[in-house]
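Data block for input_31.csv (CSV, C-alpha atoms):
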```
chain,number,residue,atom,x,y,z
A,29,MET,CA,-7.7,-9.0,-1.8
A,30,SER,CA,-8.1,-12.7,-2.2
A,31,THR,CA,-6.0,-14.0,-5.1
A,32,SER,CA,-4.5,-17.4,-4.9
A,33,ARG,CA,-4.4,-17.8,-8.6
A,34,PRO,CA,-4.9,-14.8,-11.0
A,35,ALA,CA,-7.9,-14.9,-13.3
A,36,LYS,CA,-7.4,-15.5,-17.0
A,37,LEU,CA,-6.5,-12.2,-18.6
A,38,SER,CA,-7.0,-11.1,-22.2
A,39,SER,CA,-4.2,-9.0,-23.6
A,40,LYS,CA,-5.5,-8.3,-27.1
A,41,THR,CA,-9.3,-8.0,-26.6
A,42,ILE,CA,-11.0,-5.6,-28.9
A,43,ALA,CA,-13.9,-3.8,-27.2
A,44,ASN,CA,-15.5,-0.6,-28.5
A,45,HIS,CA,-12.9,-0.5,-31.3
A,46,SER,CA,-10.0,-0.1,-28.8
A,47,VAL,CA,-7.3,-2.6,-27.8
A,48,GLN,CA,-7.1,-3.2,-24.0
A,49,LEU,CA,-3.7,-2.9,-22.4
A,50,LEU,CA,-1.8,-6.0,-21.6
A,51,LYS,CA,-2.2,-6.6,-17.9
A,52,ILE,CA,0.8,-7.9,-16.0
A,53,GLU,CA,0.2,-8.9,-12.4
A,54,LEU,CA,3.0,-8.7,-9.9
A,55,LEU,CA,2.1,-10.9,-6.9
A,56,TYR,CA,3.9,-10.1,-3.7
A,57,PHE,CA,3.6,-10.1,0.0
A,58,GLU,CA,4.2,-7.1,2.2
A,59,GLY,CA,7.8,-6.6,3.1
A,60,CYS,CA,9.1,-8.7,0.1
A,61,PRO,CA,12.7,-7.7,-0.5
A,62,GLY,CA,12.5,-8.4,-4.2
A,63,PHE,CA,9.2,-6.5,-4.9
A,64,GLU,CA,10.6,-3.0,-5.6
A,65,GLU,CA,13.4,-4.3,-7.8
A,66,THR,CA,11.1,-6.5,-9.8
A,67,LEU,CA,8.6,-3.6,-10.2
A,68,GLY,CA,11.3,-1.3,-11.5
A,69,ILE,CA,12.7,-4.0,-13.9
A,70,LEU,CA,9.3,-4.7,-15.3
A,71,ARG,CA,8.4,-1.1,-15.8
A,72,ASN,CA,11.7,-0.5,-17.6
A,73,VAL,CA,11.2,-3.4,-19.9
A,74,ILE,CA,7.7,-2.2,-20.8
A,75,VAL,CA,9.1,1.3,-21.6
A,76,GLU,CA,12.1,-0.1,-23.6
A,77,GLU,CA,9.8,-2.3,-25.6
A,78,GLY,CA,7.1,0.2,-26.2
A,79,LEU,CA,4.7,-2.4,-24.8
A,80,GLU,CA,1.1,-1.3,-24.2
A,81,ALA,CA,0.8,-2.7,-20.7
A,82,ARG,CA,-0.1,-1.9,-17.2
A,83,VAL,CA,1.4,-3.5,-14.1
A,84,VAL,CA,-1.0,-4.5,-11.4
A,85,PRO,CA,0.6,-5.2,-8.0
A,86,VAL,CA,-1.4,-7.9,-6.2
A,87,LYS,CA,-0.7,-8.1,-2.5
A,88,ILE,CA,-1.1,-11.7,-1.2
A,89,GLY,CA,-2.1,-12.4,2.4
A,90,PRO,CA,-1.6,-15.5,4.5
A,91,GLY,CA,-5.1,-16.8,3.6
A,92,ASP,CA,-4.4,-16.5,-0.2
A,93,SER,CA,-1.1,-18.3,-0.3
A,94,SER,CA,-1.9,-22.0,-0.9
A,95,ASP,CA,-1.0,-21.9,-4.6
A,96,PHE,CA,1.3,-18.9,-4.4
A,97,PRO,CA,4.7,-19.6,-6.0
A,98,GLY,CA,6.5,-17.1,-3.8
A,99,SER,CA,7.1,-13.4,-3.8
A,100,PRO,CA,7.6,-11.7,-6.2
A,101,SER,CA,5.9,-13.5,-9.1
A,102,LEU,CA,4.8,-12.2,-12.5
A,103,PHE,CA,1.7,-13.4,-14.2
A,104,VAL,CA,0.4,-12.7,-17.7
A,105,ASP,CA,-2.9,-14.3,-19.0
A,106,GLY,CA,-3.1,-16.2,-15.7
A,107,GLU,CA,0.3,-17.9,-16.3
A,108,ASP,CA,3.5,-17.5,-14.3
A,109,LEU,CA,6.2,-15.9,-16.5
A,110,PHE,CA,8.7,-18.1,-14.7
A,111,PRO,CA,6.9,-21.4,-14.0
A,112,THR,CA,8.5,-23.5,-11.3
A,113,GLU,CA,8.3,-27.2,-10.6
A,114,ARG,CA,7.7,-26.3,-7.0
A,115,PRO,CA,4.3,-24.5,-7.0
A,116,GLY,CA,2.6,-23.5,-3.8
A,117,GLN,CA,5.5,-22.1,-1.9
A,118,GLY,CA,3.2,-20.0,0.3
A,119,MET,CA,4.4,-16.9,2.0
A,120,SER,CA,8.0,-17.2,1.1
A,121,CYS,CA,10.5,-15.3,-1.0
A,122,ARG,CA,10.9,-16.5,-4.5
A,123,ILE,CA,14.5,-17.0,-5.6
A,124,TYR,CA,15.4,-16.7,-9.3
A,125,ARG,CA,18.4,-18.4,-11.0
A,126,THR,CA,20.0,-15.6,-13.0
A,127,PRO,CA,23.1,-15.4,-15.0
A,128,GLU,CA,24.7,-13.5,-12.1
A,129,GLY,CA,23.6,-16.2,-9.6
A,130,MET,CA,20.7,-16.5,-7.2
A,131,LYS,CA,18.6,-13.4,-6.7
A,132,ASN,CA,15.3,-12.4,-5.2
A,133,HIS,CA,14.1,-11.0,-8.5
A,134,PRO,CA,14.4,-11.8,-12.2
A,135,THR,CA,16.8,-9.8,-14.4
A,136,ALA,CA,15.6,-7.5,-17.2
A,137,ALA,CA,16.9,-9.9,-19.7
A,138,MET,CA,14.9,-12.7,-18.1
A,139,VAL,CA,11.7,-10.7,-18.1
A,140,HIS,CA,12.3,-9.7,-21.8
A,141,GLU,CA,12.9,-13.3,-22.8
A,142,ALA,CA,9.8,-14.5,-20.9
A,143,LEU,CA,7.6,-11.9,-22.7
A,144,ALA,CA,9.3,-12.7,-26.1
A,145,GLU,CA,8.5,-16.5,-25.6
A,146,ARG,CA,4.8,-15.5,-25.4
A,147,SER,CA,5.2,-13.3,-28.5
A,148,LEU,CA,4.4,-10.1,-26.4
A,149,VAL,CA,7.7,-8.4,-27.4
A,150,SER,CA,10.1,-9.0,-30.3
```
Turn this file's structure into structure tokens for me.
Amino acid sequence: MSTSRPAKLSSKTIANHSVQLLKIELLYFEGCPGFEETLGILRNVIVEEGLEARVVPVKIGPGDSSDFPGSPSLFVDGEDLFPTERPGQGMSCRIYRTPEGMKNHPTAAMVHEALAERSLVS
């Protein structure tokens, strides 16, 4: 799948009288050590918040990585939930600054806060 930058997504589109689920893309490369932890955290936050959302894992390959901010990365509406000043890290692990120190995944509190900043959760 060729996805160097996710397409713009619509979280609240009304079509045929039904609201589409919020689509959250989890970009990763095969073997990413932070992928499973991030996926679990994201799913837990969705359940805890009662968010109408689906998580779409997007596997990035070497040919797709020019604008890739590193693995794992979370995107909603085509925007990185954790924008970095160093975009285009390519096929590398993404490191998150957490309250517990540097980790290869964001914390649940960080994911919740990033979604709240976009008025997706309260």
Judged by all atoms listed in the file, the minimum distance to Val139 in chain A among A:Ile88, A:Ala81, A:Leu67, A:Val73 is found for A:Val73
For each of A:Glu145, A:Glu64, A:Asp105, A:Glu58, take the minimum atom-to-atom distance to Pro90 in chain A, counting all atoms listed in the file, then give the residue where this is smallest.
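Nearest candidate to Pro90 in chain A out of A:Glu145, A:Glu64, A:Asp105, A:Glu58: A:Glu58.
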Applying 12 Å and all atoms listed in the file, which residues near Arg146 in chain A remain after dropping the ones on its own chain fewer than 6 positions away? List them as a list in words.
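Contacts, with the query itself left out: Ser39, Phe103, Val104, Asp105, Glu107, Asp108, Leu109, Phe110, Val139 and His140 of chain A.
Between CA of Glu77 in chain A and CA of Ser150 in chain A lies a distance of 8.2 Å.
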How many Å lie between CA of Leu55 in chain A and CA of Lys87 in chain A, rounded to one decimal?
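CA of Lys87 in chain A lies 5.9 Å from CA of Leu55 in chain A.
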Between CA of Leu102 in chain A and CA of Leu54 in chain A - distance in Å to one decimal:
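CA of Leu102 in chain A lies at a distance of 4.7 Å from CA of Leu54 in chain A.
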Residue neighbourhood Thr126 in chain A, 9 Å, only C-alpha atoms, exclusion window fewer than 5 positions, as a list in words
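The filter keeps Lys131, His133, Pro134, Thr135 and Met138 of chain A.
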Point out the residue among A:Arg82, A:Ile52, A:Phe57, A:Leu143 with the least atom-to-atom distance to Ser120 in chain A, counting all atoms listed in the file.
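So, comparing all the options, the nearest one is A:Phe57.
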Of the candidates A:Gly59, A:Gly89, A:Ser99, A:Leu70, which one gets nearest to Glu141 in chain A if we count all atoms listed in the file?
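That would be A:Leu70, the residue with the smallest distance to Glu141 in chain A.
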Mind checking which residues fall within 12 Å of Pro111 in chain A, counting only C-alpha atoms, ignoring those fewer than 6 positions away in the same chain, and posting them as a ChimeraX atom specification?
/A:96-98,101-104,122,124,142
